[in-house]
>>> print(open('upload19.txt').read())   # compact mmCIF, C-alpha atoms
# COMPACT_ATOMS: atom_id res chain seq x y z
CA MET A 1 -26.29 23.59 -31.45
CA ASN A 2 -25.16 20.00 -31.61
CA LYS A 3 -24.60 18.30 -28.25
CA ASP A 4 -21.06 17.24 -29.17
CA VAL A 5 -20.10 20.78 -30.15
CA ILE A 6 -21.26 22.12 -26.78
CA ARG A 7 -19.35 19.38 -24.94
CA GLY A 8 -16.22 20.15 -26.95
CA ILE A 9 -16.35 23.85 -26.10
CA LYS A 10 -17.10 23.10 -22.45
CA ASP A 11 -14.15 20.71 -22.14
CA SER A 12 -11.83 23.31 -23.64
CA THR A 13 -12.28 25.87 -20.82
CA PRO A 14 -9.56 24.56 -18.46
CA ILE A 15 -7.15 24.37 -21.43
CA ILE A 16 -8.05 27.87 -22.68
CA ILE A 17 -7.10 29.48 -19.35
CA GLY A 18 -3.62 27.94 -19.50
CA TYR A 19 -3.19 28.63 -23.22
CA ILE A 20 -4.07 32.32 -23.05
CA SER A 21 -1.65 33.04 -20.20
CA ILE A 22 1.24 31.12 -21.77
CA ALA A 23 0.47 32.56 -25.23
CA ILE A 24 0.56 36.11 -23.82
CA ALA A 25 3.97 35.31 -22.31
CA PHE A 26 5.10 33.94 -25.69
CA GLY A 27 3.84 37.02 -27.56
CA VAL A 28 5.58 39.39 -25.14
CA ILE A 29 8.93 37.57 -25.11
CA SER A 30 9.01 36.88 -28.85
CA THR A 31 8.36 40.52 -29.71
CA ALA A 32 10.78 41.72 -27.01
CA LEU A 33 13.49 39.51 -28.52
CA GLY A 34 13.05 41.18 -31.88
CA LEU A 35 10.56 39.14 -33.91
CA THR A 36 7.85 41.26 -35.52
CA PRO A 37 4.32 40.93 -34.10
CA ILE A 38 3.21 39.48 -37.46
CA SER A 39 5.88 36.72 -37.45
CA THR A 40 5.05 36.02 -33.82
CA ILE A 41 1.36 35.55 -34.59
CA LEU A 42 2.08 33.56 -37.77
CA MET A 43 4.24 31.21 -35.71
CA SER A 44 1.37 30.58 -33.31
CA ILE A 45 -0.98 29.89 -36.24
CA PHE A 46 1.28 27.56 -38.22
CA VAL A 47 3.48 25.93 -35.61
CA TYR A 48 0.94 25.88 -32.75
CA ALA A 49 3.26 24.07 -30.36
CA GLY A 50 4.17 25.92 -27.17
CA ALA A 51 7.49 24.30 -26.31
CA SER A 52 8.77 24.44 -29.90
CA GLN A 53 7.87 28.10 -30.28
CA PHE A 54 9.69 29.04 -27.07
CA ILE A 55 12.65 26.93 -28.20
CA ALA A 56 12.70 28.68 -31.59
CA ILE A 57 12.85 32.22 -30.19
CA ASN A 58 15.39 31.18 -27.56
CA LEU A 59 17.68 29.48 -30.08
CA LEU A 60 17.34 32.47 -32.43
CA SER A 61 18.48 34.76 -29.61
CA ILE A 62 21.57 32.67 -28.86
CA GLY A 63 22.46 32.50 -32.54
CA ALA A 64 21.52 28.97 -33.58
CA SER A 65 21.02 28.10 -37.24
CA ILE A 66 17.57 27.84 -38.82
CA LEU A 67 18.25 24.20 -39.69
CA GLU A 68 19.03 23.34 -36.08
CA ILE A 69 15.84 25.08 -34.94
CA ILE A 70 13.76 23.10 -37.44
CA LEU A 71 15.42 19.77 -36.53
CA THR A 72 14.99 20.42 -32.81
CA THR A 73 11.32 21.22 -33.44
CA PHE A 74 10.99 17.95 -35.33
CA PHE A 75 12.37 15.88 -32.44
CA VAL A 76 10.35 17.70 -29.80
CA ASN A 77 7.13 17.11 -31.71
CA LEU A 78 7.76 13.46 -32.58
CA ARG A 79 5.86 12.69 -29.37
CA HIS A 80 2.66 13.65 -31.19
CA LEU A 81 3.03 10.42 -33.19
CA LEU A 82 1.92 8.54 -30.08
CA MET A 83 -0.92 10.92 -29.28
CA SER A 84 -2.19 11.03 -32.83
CA THR A 85 -2.16 7.21 -32.93
CA VAL A 86 -4.37 7.02 -29.83
CA VAL A 87 -6.75 9.65 -31.22
CA SER A 88 -7.01 7.76 -34.53
CA THR A 89 -8.19 4.61 -32.73
CA LYS A 90 -10.86 6.49 -30.76
CA ILE A 91 -12.30 8.85 -33.34
CA ARG A 92 -15.71 8.09 -34.83
CA GLY A 93 -16.32 9.41 -38.37
CA GLY A 94 -14.44 12.05 -40.32
CA ASP A 95 -13.03 11.41 -43.79
CA ILE A 96 -9.43 12.08 -44.87
CA LYS A 97 -10.03 15.76 -45.63
CA LYS A 98 -11.53 16.35 -42.20
CA ARG A 99 -8.71 14.46 -40.53
CA LEU A 100 -6.13 16.60 -42.32
CA ILE A 101 -7.61 19.61 -40.55
CA LEU A 102 -8.05 17.78 -37.26
CA ALA A 103 -4.37 16.80 -37.12
CA HIS A 104 -3.20 20.37 -36.60
CA GLY A 105 -5.21 20.58 -33.36
CA ILE A 106 -3.44 17.77 -31.53
CA THR A 107 -1.43 19.11 -28.57
CA ASP A 108 -0.39 17.66 -25.20
CA GLU A 109 -3.35 19.32 -23.51
CA THR A 110 -6.10 18.54 -26.03
CA PHE A 111 -4.77 14.99 -26.15
CA ALA A 112 -4.95 14.67 -22.36
CA MET A 113 -8.56 15.83 -22.49
CA THR A 114 -9.50 13.15 -25.03
CA ALA A 115 -7.30 10.44 -23.49
CA ILE A 116 -9.27 10.42 -20.23
CA LYS A 117 -12.47 9.56 -22.13
CA SER A 118 -13.18 5.84 -22.21
CA GLU A 119 -15.82 5.94 -24.96
CA ASP A 120 -15.31 6.75 -28.66
CA ILE A 121 -15.32 10.43 -29.56
CA SER A 122 -17.01 12.14 -32.48
CA TYR A 123 -15.42 14.33 -35.11
CA LEU A 124 -17.67 17.26 -34.15
CA TYR A 125 -16.62 17.07 -30.50
CA LEU A 126 -12.93 17.03 -31.41
CA ILE A 127 -13.09 19.82 -33.97
CA SER A 128 -14.93 22.17 -31.59
CA LEU A 129 -12.49 21.37 -28.77
CA TYR A 130 -9.51 21.91 -31.09
CA ILE A 131 -10.79 25.13 -32.66
CA THR A 132 -11.52 26.84 -29.34
CA CYS A 133 -8.10 25.89 -27.93
CA PHE A 134 -6.33 26.94 -31.13
CA SER A 135 -8.13 30.30 -31.22
CA SER A 136 -7.22 31.03 -27.60
CA TRP A 137 -3.55 30.30 -28.36
CA VAL A 138 -3.50 32.68 -31.34
CA PHE A 139 -5.56 35.30 -29.49
CA GLY A 140 -3.23 35.23 -26.45
CA THR A 141 -0.19 35.55 -28.71
CA ALA A 142 -1.66 38.63 -30.40
CA ILE A 143 -2.37 40.31 -27.04
CA GLY A 144 1.18 39.57 -25.86
CA ALA A 145 2.77 40.79 -29.08
CA LEU A 146 0.95 44.12 -28.78
CA LEU A 147 1.75 44.46 -25.05
CA ALA A 148 5.49 44.08 -25.67
CA PHE A 149 5.69 47.35 -27.54
CA ASN A 150 8.65 49.50 -26.29
CA LEU A 151 9.72 47.68 -23.15
CA PRO A 152 12.79 48.95 -21.24
CA ASN A 153 16.07 47.03 -21.72
CA ILE A 154 16.24 45.49 -18.28
CA ILE A 155 12.79 43.96 -18.78
CA THR A 156 13.64 42.46 -22.19
CA ASP A 157 16.84 40.98 -20.72
CA ALA A 158 14.88 39.44 -17.88
CA LEU A 159 12.21 38.19 -20.30
CA SER A 160 14.83 36.31 -22.30
CA PHE A 161 15.85 34.66 -19.05
CA VAL A 162 12.24 33.69 -18.35
CA LEU A 163 12.56 31.32 -21.33
CA ILE A 164 15.12 29.32 -19.36
CA ALA A 165 12.69 29.19 -16.43
CA PHE A 166 10.07 27.87 -18.86
CA PHE A 167 12.39 25.07 -20.05
CA ILE A 168 13.33 24.20 -16.46
CA VAL A 169 9.66 23.57 -15.60
CA LEU A 170 9.12 21.45 -18.71
CA LEU A 171 12.26 19.47 -17.85
CA ILE A 172 11.04 18.82 -14.30
CA LEU A 173 7.60 17.80 -15.59
CA SER A 174 9.18 15.36 -18.07
CA ILE A 175 11.12 13.59 -15.33
CA ASP A 176 9.16 10.60 -14.04
CA SER A 177 11.74 7.86 -13.40
CA LYS A 178 15.39 7.21 -12.51
CA THR A 179 16.13 6.72 -16.20
CA THR A 180 14.77 10.16 -17.11
CA ILE A 181 16.92 11.74 -14.37
CA LEU A 182 19.99 10.06 -15.89
CA VAL A 183 18.97 11.18 -19.39
CA ALA A 184 18.65 14.76 -18.09
CA ILE A 185 22.10 14.69 -16.45
CA ILE A 186 23.79 13.10 -19.47
CA SER A 187 22.21 15.60 -21.89
CA PHE A 188 23.13 18.52 -19.64
CA LEU A 189 26.79 17.47 -19.56
CA VAL A 190 27.11 16.39 -23.20
CA THR A 191 25.77 19.63 -24.73
CA PRO A 192 28.53 22.08 -23.69
CA ILE A 193 31.22 19.54 -24.59
CA LEU A 194 29.73 19.06 -28.07
CA ALA A 195 29.32 22.82 -28.39
CA LEU A 196 33.10 23.19 -28.23
CA PHE A 197 33.44 21.22 -31.46
CA ILE A 198 30.19 21.54 -33.40
CA LYS A 199 28.22 24.47 -32.08
CA GLU A 200 25.65 24.38 -34.90
CA ALA A 201 24.39 20.88 -34.16
CA SER A 202 25.17 20.27 -30.50
CA ILE A 203 21.53 20.34 -29.36
CA VAL A 204 20.25 18.03 -32.08
CA ILE A 205 23.08 15.53 -31.56
CA THR A 206 22.55 15.65 -27.79
CA ILE A 207 18.84 14.89 -28.25
CA ILE A 208 19.70 11.77 -30.27
CA ILE A 209 22.47 10.62 -27.89
CA GLY A 210 20.47 11.39 -24.73
CA SER A 211 17.25 9.67 -25.82
CA LEU A 212 19.08 6.58 -27.11
CA MET A 213 21.00 6.39 -23.82
CA GLY A 214 17.59 6.40 -22.12
CA VAL A 215 16.53 3.35 -24.12
CA CYS A 216 19.83 1.57 -23.28
CA ILE A 217 19.62 2.38 -19.56
CA GLU A 218 16.02 1.14 -19.50
CA LYS A 219 17.05 -2.16 -21.16
CA CYS A 220 20.01 -2.62 -18.75
CA MET A 221 17.78 -2.08 -15.73
CA LYS A 222 15.27 -4.65 -17.02
CA THR A 223 17.83 -7.38 -17.59
CA ARG A 224 19.46 -7.01 -14.19
CA MET B 1 11.79 29.13 -40.69
CA ILE B 2 8.12 29.23 -39.67
CA LEU B 3 7.18 27.18 -42.75
CA GLY B 4 9.85 24.59 -41.96
CA MET B 5 8.65 24.40 -38.37
CA PHE B 6 5.04 24.02 -39.60
CA ILE B 7 5.98 21.05 -41.79
CA VAL B 8 7.89 19.20 -39.06
CA THR B 9 5.19 19.77 -36.43
CA TYR B 10 2.38 18.76 -38.80
CA ILE B 11 3.91 15.47 -40.01
CA PRO B 12 3.85 13.59 -36.67
CA ARG B 13 0.36 14.91 -35.99
CA VAL B 14 -1.18 13.86 -39.28
CA LEU B 15 0.55 10.58 -40.20
CA PRO B 16 -1.13 8.31 -37.64
CA LEU B 17 -4.52 9.86 -38.37
CA ILE B 18 -4.42 9.01 -42.06
CA ALA B 19 -1.93 6.22 -42.61
CA LEU B 20 0.65 4.93 -40.17
CA GLN B 21 0.34 1.50 -38.60
CA LYS B 22 0.05 1.18 -34.85
CA GLU B 23 2.71 -1.56 -34.71
CA ILE B 24 5.45 0.74 -36.04
CA ILE B 25 4.62 3.41 -33.50
CA SER B 26 4.68 1.03 -30.54
CA LYS B 27 8.17 -0.12 -31.60
CA ILE B 28 9.69 3.33 -31.24
CA GLU B 29 7.59 4.29 -28.22
CA SER B 30 10.34 3.72 -25.64
CA TRP B 31 12.69 5.92 -27.66
CA LEU B 32 10.14 8.71 -28.09
CA LYS B 33 9.48 9.09 -24.40
CA TYR B 34 13.05 10.20 -23.62
CA ILE B 35 13.23 12.87 -26.31
CA PRO B 36 11.56 15.72 -24.34
CA THR B 37 13.85 15.24 -21.31
CA ALA B 38 16.98 15.19 -23.48
CA THR B 39 15.80 18.24 -25.45
CA PHE B 40 14.97 20.50 -22.52
CA SER B 41 18.08 19.52 -20.59
CA SER B 42 20.25 20.20 -23.63
CA ILE B 43 18.68 23.61 -24.31
CA ILE B 44 19.00 24.71 -20.66
CA SER B 45 22.63 23.59 -20.70
CA MET B 46 23.30 25.44 -23.97
CA ASN B 47 21.88 28.63 -22.45
CA LEU B 48 23.74 28.33 -19.16
CA LEU B 49 27.05 26.75 -20.18
CA GLY B 50 27.31 27.22 -23.93
CA PHE B 51 28.79 30.71 -23.85
CA THR B 52 32.31 31.70 -24.81
CA THR B 53 32.84 34.44 -22.20
CA PHE B 54 32.15 34.18 -18.50
CA GLY B 55 31.11 37.24 -16.53
CA GLN B 56 28.53 38.77 -14.26
CA THR B 57 25.54 38.11 -16.53
CA GLU B 58 26.37 34.40 -16.73
CA LEU B 59 26.64 34.18 -12.93
CA ILE B 60 23.28 35.89 -12.48
CA LYS B 61 21.75 33.46 -14.99
CA LEU B 62 23.20 30.41 -13.23
CA PHE B 63 22.03 31.60 -9.81
CA THR B 64 18.51 32.48 -11.01
CA ALA B 65 18.28 29.16 -12.85
CA LEU B 66 19.05 27.37 -9.59
CA ILE B 67 16.24 29.24 -7.83
CA CYS B 68 13.89 28.40 -10.72
CA LEU B 69 14.88 24.74 -10.49
CA ILE B 70 13.99 24.66 -6.79
CA THR B 71 10.68 26.47 -7.47
CA ALA B 72 9.86 24.08 -10.33
CA VAL B 73 10.58 20.96 -8.27
CA LYS B 74 8.50 22.24 -5.32
CA THR B 75 5.51 23.73 -7.17
CA LYS B 76 5.59 22.15 -10.66
CA LYS B 77 3.77 25.29 -11.80
CA LEU B 78 4.73 26.89 -15.12
CA ILE B 79 3.59 30.51 -14.83
CA MET B 80 4.58 30.65 -11.13
CA THR B 81 8.17 29.58 -11.88
CA MET B 82 8.44 32.01 -14.81
CA ILE B 83 7.30 34.91 -12.61
CA VAL B 84 9.72 33.90 -9.80
CA GLY B 85 12.55 33.77 -12.37
CA LEU B 86 11.59 37.18 -13.77
CA ILE B 87 11.47 38.86 -10.35
CA VAL B 88 14.71 37.28 -9.04
CA TYR B 89 16.55 38.14 -12.26
CA ILE B 90 15.44 41.79 -12.26
CA ALA B 91 16.09 42.12 -8.50
CA ILE B 92 19.67 40.81 -8.75
CA SER B 93 20.42 42.87 -11.88
CA LEU B 94 19.22 46.03 -10.12
CA LEU B 95 21.15 45.24 -6.92
CA ILE B 96 24.43 44.70 -8.74
CA VAL B 97 24.18 47.66 -11.10
>>> encode(input="upload19.txt", output="structure tokens")
Amino acid sequence: MNKDVIRGIKDSTPIIIGYISIAIAFGVISTALGLTPISTILMSIFVYAGASQFIAINLLSIGASILEIILTTFFVNLRHLLMSTVVSTKIRGGDIKKRLILAHGITDETFAMTAIKSEDISYLYLISLYITCFSSWVFGTAIGALLAFNLPNIITDALSFVLIAFFIVLLILSIDSKTTILVAIISFLVTPILALFIKEASIVITIIIGSLMGVCIEKCMKTR
Amino acid sequence: MILGMFIVTYIPRVLPLIALQKEIISKIESWLKYIPTATFSSIISMNLLGFTTFGQTELIKLFTALICLITAVKTKKLIMTMIVGLIVYIAISLLIV
């Protein structure tokens, strides 16, 4: 086998461990909340974005509209613009067709793995890294979806709460400065107020207000 | 819904790889970095405070969320915090019922 392929698979092992455990959790919760195992697995194949998938099943369970789910997904995944840009400057080889396939494999974790490399990376290395990670995500989801068969009520209730725990961790991990703390507090307070007037769009509008406030606060702090 | 989600997750992944200029991306970079924080905070808030009735279940959720917040700040571990949340939530539900 090609040296780059072996390196790609080797580098994917730490990611795979995390992916399988989180994907199992996703499969279990999604099925417990009422999505069919097939939809659950299809979501992992086509969306392949942990946070967005958890958001989707959570928002479905609290009665959000499909449009709001899709818009929220869009904003959450805009961060991949930055990652994809970095990857595009580092990648060696690969024509447009190959890059179209490669794009689907970009995630926070696979990006982190390639971002720590100082040298250019080959298409073969990336595609083998991406395919192993992607497969583990889909595989974990399938196991979880099958495990969730016929769970008692109290467990499914608790599992839907676990989603909130998941978002709390991601929130804490996203906080890295005073500005982000302020953005978190503002967004937390704005959402329920907006929900009183426009329930269908309160999350999406909060995302726009909160992130723009972040930019403003950052500018104010710089000029002082 | 899944198809719509596929399209909006694929666009930001593919554009820079095939077309988009680096200069445009760097201009919106400072905006992009606050989006995850705003999103997660908003969703947590919607789950905890966005309800129309207030009862026992909501109180249990708020309390367990607080415990999860402390666990998350101390450990920063995903699976660990989810398991703590699961156990605390089931324990309180069983105790009250």
>>> interface_residues(input="upload19.txt", of="chain A", to="chain B", cutoff="7 Å", atoms="all atoms listed in the file", output="tab-separated table (two decimals) with C-alpha atoms, in the coordinates of the input")
chain	number	residue	atom	x	y	z
A	43	MET	CA	4.24	31.21	-35.71
A	46	PHE	CA	1.28	27.56	-38.22
A	47	VAL	CA	3.48	25.93	-35.61
A	66	ILE	CA	17.57	27.84	-38.82
A	70	ILE	CA	13.76	23.10	-37.44
A	73	THR	CA	11.32	21.22	-33.44
A	74	PHE	CA	10.99	17.95	-35.33
A	75	PHE	CA	12.37	15.88	-32.44
A	76	VAL	CA	10.35	17.70	-29.80
A	77	ASN	CA	7.13	17.11	-31.71
A	78	LEU	CA	7.76	13.46	-32.58
A	79	ARG	CA	5.86	12.69	-29.37
A	80	HIS	CA	2.66	13.65	-31.19
A	81	LEU	CA	3.03	10.42	-33.19
A	82	LEU	CA	1.92	8.54	-30.08
A	84	SER	CA	-2.19	11.03	-32.83
A	85	THR	CA	-2.16	7.21	-32.93
A	88	SER	CA	-7.01	7.76	-34.53
A	96	ILE	CA	-9.43	12.08	-44.87
A	99	ARG	CA	-8.71	14.46	-40.53
A	100	LEU	CA	-6.13	16.60	-42.32
A	103	ALA	CA	-4.37	16.80	-37.12
A	104	HIS	CA	-3.20	20.37	-36.60
A	106	ILE	CA	-3.44	17.77	-31.53
A	158	ALA	CA	14.88	39.44	-17.88
A	159	LEU	CA	12.21	38.19	-20.30
A	162	VAL	CA	12.24	33.69	-18.35
A	164	ILE	CA	15.12	29.32	-19.36
A	165	ALA	CA	12.69	29.19	-16.43
A	166	PHE	CA	10.07	27.87	-18.86
A	167	PHE	CA	12.39	25.07	-20.05
A	168	ILE	CA	13.33	24.20	-16.46
A	169	VAL	CA	9.66	23.57	-15.60
A	171	LEU	CA	12.26	19.47	-17.85
A	172	ILE	CA	11.04	18.82	-14.30
A	173	LEU	CA	7.60	17.80	-15.59
A	174	SER	CA	9.18	15.36	-18.07
A	175	ILE	CA	11.12	13.59	-15.33
A	180	THR	CA	14.77	10.16	-17.11
A	183	VAL	CA	18.97	11.18	-19.39
A	184	ALA	CA	18.65	14.76	-18.09
A	187	SER	CA	22.21	15.60	-21.89
A	188	PHE	CA	23.13	18.52	-19.64
A	191	THR	CA	25.77	19.63	-24.73
A	192	PRO	CA	28.53	22.08	-23.69
A	195	ALA	CA	29.32	22.82	-28.39
A	203	ILE	CA	21.53	20.34	-29.36
A	206	THR	CA	22.55	15.65	-27.79
A	207	ILE	CA	18.84	14.89	-28.25
A	210	GLY	CA	20.47	11.39	-24.73
A	211	SER	CA	17.25	9.67	-25.82
A	212	LEU	CA	19.08	6.58	-27.11
A	214	GLY	CA	17.59	6.40	-22.12
A	215	VAL	CA	16.53	3.35	-24.12
>>> atom_distance(input="upload19.txt", atom1="atom CA of A:Tyr130", atom2="atom CA of A:Gly105")
5.0 Å
>>> atom_distance(input="upload19.txt", atom1="atom CA of A:Ile55", atom2="atom CA of A:Glu68")
10.8 Å
>>> atom_distance(input="upload19.txt", atom1="atom CA of A:Pro14", atom2="atom CA of A:Asp120")
21.3 Å
>>> closest_residue(input="upload19.txt", among="A:Met1, A:Met113, A:Ile38, A:Cys216", to="A:Cys133", atoms="all atoms listed in the file")
A:Met113
>>> residues_near_point(input="upload19.txt", point="(-2.4, 37.1, -26.6)", cutoff="12 Å", atoms="all atoms listed in the file", output="PyMOL selection string")
chain A and resi 16-31+37+40-41+44+134-148
>>> residues_around(input="upload19.txt", residues="A:Glu119", least_positions_apart="2", cutoff="12 Å", atoms="all atoms listed in the file", output="number ranges by chain")
A: 87, 89-92, 114-117, 121-122
>>> write_last_selection(input="upload19.txt", atoms="C-alpha atoms", output="PDB file, keeping the file's coordinate frame")
ATOM      1  CA  VAL A  87      -6.750   9.650 -31.220  1.00  0.00           C
ATOM      2  CA  THR A  89      -8.190   4.610 -32.730  1.00  0.00           C
ATOM      3  CA  LYS A  90     -10.860   6.490 -30.760  1.00  0.00           C
ATOM      4  CA  ILE A  91     -12.300   8.850 -33.340  1.00  0.00           C
ATOM      5  CA  ARG A  92     -15.710   8.090 -34.830  1.00  0.00           C
ATOM      6  CA  THR A 114      -9.500  13.150 -25.030  1.00  0.00           C
ATOM      7  CA  ALA A 115      -7.300  10.440 -23.490  1.00  0.00           C
ATOM      8  CA  ILE A 116      -9.270  10.420 -20.230  1.00  0.00           C
ATOM      9  CA  LYS A 117     -12.470   9.560 -22.130  1.00  0.00           C
ATOM     10  CA  ILE A 121     -15.320  10.430 -29.560  1.00  0.00           C
ATOM     11  CA  SER A 122     -17.010  12.140 -32.480  1.00  0.00           C
TER      12      SER A 122
END
